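Enquirer: The structure follows.
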Amino acid sequence: MRLYIGNVSYQAGEAELEKLFTESGIAVDSVSVVRDRQSGEPRGFAFVEVASDEEGRRAIRACNGKDFLGRTLVVNEARPPRSDAGPGHGSGGRGAGGGRRRY
C-alpha cells in the first residue's frame with residue numbers, strides 16, 4: 001500500500017521518516033520525500049510504501065496526527081496519480097491564451 005504523508009517538516013528526510021515508522025512498529029518498503037524540481041528543497045509531503053493493506057492501516061492508526069519535528073502529520077492512503085491527459089489540463093479549461101477580450 002502507498003501512503004501519503006502530509007505536513008512533513010522541511011527538515012525531515014527519508015531516513016527520519018523511515019525511523020519514525022519503524023519505531024511505531026511499521027515495516028517500511030520505501031520512503032520518498034517529494035522535492036521541488038528546481039531547488040531540490042522538500043515540499044512538505046512524502047510517500048511511504050508498506051508491504052500490505054493491513055500494514056498500511058496500522059501505519060495510518062499509528063502515525064496520523066502524531067507530532068513529528070514540531071508538526072502534526074497527516075497520514076492516509078495515497079490517491080492514484082492524476083492523468084495529465086484531458087481537456088484544459090493546467091489552464092482550467094479556458095485555453096492557453098491570456099490577455100484581454102477583444103470585441
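If you're wondering about the labels, chains in the C-alpha cells are A, B, ... by order shown, residues count from 1 in each chain, ligands from 1 in order shown.
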To test your reading of the structure, identify every residue in region 4-66 of chain A that backbone DSSP assigns to helix (DSSP H, G or I), and report it as a ChimeraX atom specification.
Expert: /A:14-23,53-63
Enquirer: Put those residues in a file: C-alpha atoms, as a compact mmCIF listing (two decimals), in the first residue's frame.
Expert:
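again-v5.txt written:
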```
# COMPACT_ATOMS: atom_id res chain seq x y z
CA GLU A 14 13.79 9.87 4.09
CA ALA A 15 15.88 8.45 6.97
CA GLU A 16 13.97 10.40 9.63
CA LEU A 17 10.58 9.35 8.27
CA GLU A 18 11.65 5.71 7.99
CA LYS A 19 12.84 5.82 11.60
CA LEU A 20 9.51 7.26 12.76
CA PHE A 21 7.53 4.48 11.08
CA THR A 22 9.94 1.75 12.20
CA GLU A 23 9.77 2.97 15.81
CA ASP A 53 -3.05 -3.07 3.14
CA GLU A 54 -3.13 -4.24 6.76
CA GLU A 55 0.32 -2.76 7.40
CA GLY A 56 -0.90 0.47 5.76
CA ARG A 57 -3.95 0.65 8.03
CA ARG A 58 -1.70 0.07 11.05
CA ALA A 59 0.59 2.87 9.87
CA ILE A 60 -2.33 5.27 9.48
CA ARG A 61 -3.59 4.46 13.00
CA ALA A 62 -0.09 4.76 14.49
CA CYS A 63 1.17 7.90 12.74
```
Enquirer: Can you list every residue in chain A that DSSP puts in strand (DSSP E), as an MDAnalysis selection string?
Expert: chainID A and resid 2:6 28:35 42:50 67:68 71:72 74:77
Enquirer: CA of Ala12 (chain A) to CA of Val48 (chain A): how many Å, to one decimal?
Expert: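 That distance, rounded to one decimal, is 13.5 Å.
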Enquirer: If I take CA of Asn76 (chain A) and CA of Asn64 (chain A), how far is one from the other in Å, to one decimal?
Expert: 7.4 Å
Enquirer: Which is closer to Ala51 (chain A) than all the others in A:Leu3, A:Pro81, A:Val75, A:Gly70, using only C-alpha atoms?
Expert: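 Smallest separation from Ala51 (chain A) among the options: A:Leu3.
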Enquirer: For each of A:Tyr10, A:Ile5, A:Ser30, A:Val74, take the minimum atom-to-atom distance to Pro42 (chain A), counting only C-alpha atoms, then give the residue where this is smallest.
Expert: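 Ranking A:Tyr10, A:Ile5, A:Ser30, A:Val74 by distance to Pro42 (chain A), first place goes to A:Tyr10.
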Enquirer: Taking into account only C-alpha atoms, which residue in the set A:Val8, A:Val34, A:Ala27, A:Ala46 is nearest to Ala78 (chain A)?
Expert: A:Ala46
Enquirer: Given the choices A:Arg2, A:Gly44, A:Ser32, A:Ser24, which gets closest to Leu73 (chain A) if the distance is worked out from only C-alpha atoms?
Expert: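 For Leu73 (chain A), the nearest of the given residues is A:Gly44.
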Enquirer: Name the closest residue to Phe47 (chain A) among the candidates A:Val33, A:Met1, A:Ser9, A:Arg82; distances are taken between atoms, counting only C-alpha atoms.
Expert: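 Using only C-alpha atoms, the shortest distance to Phe47 (chain A) belongs to A:Val33.
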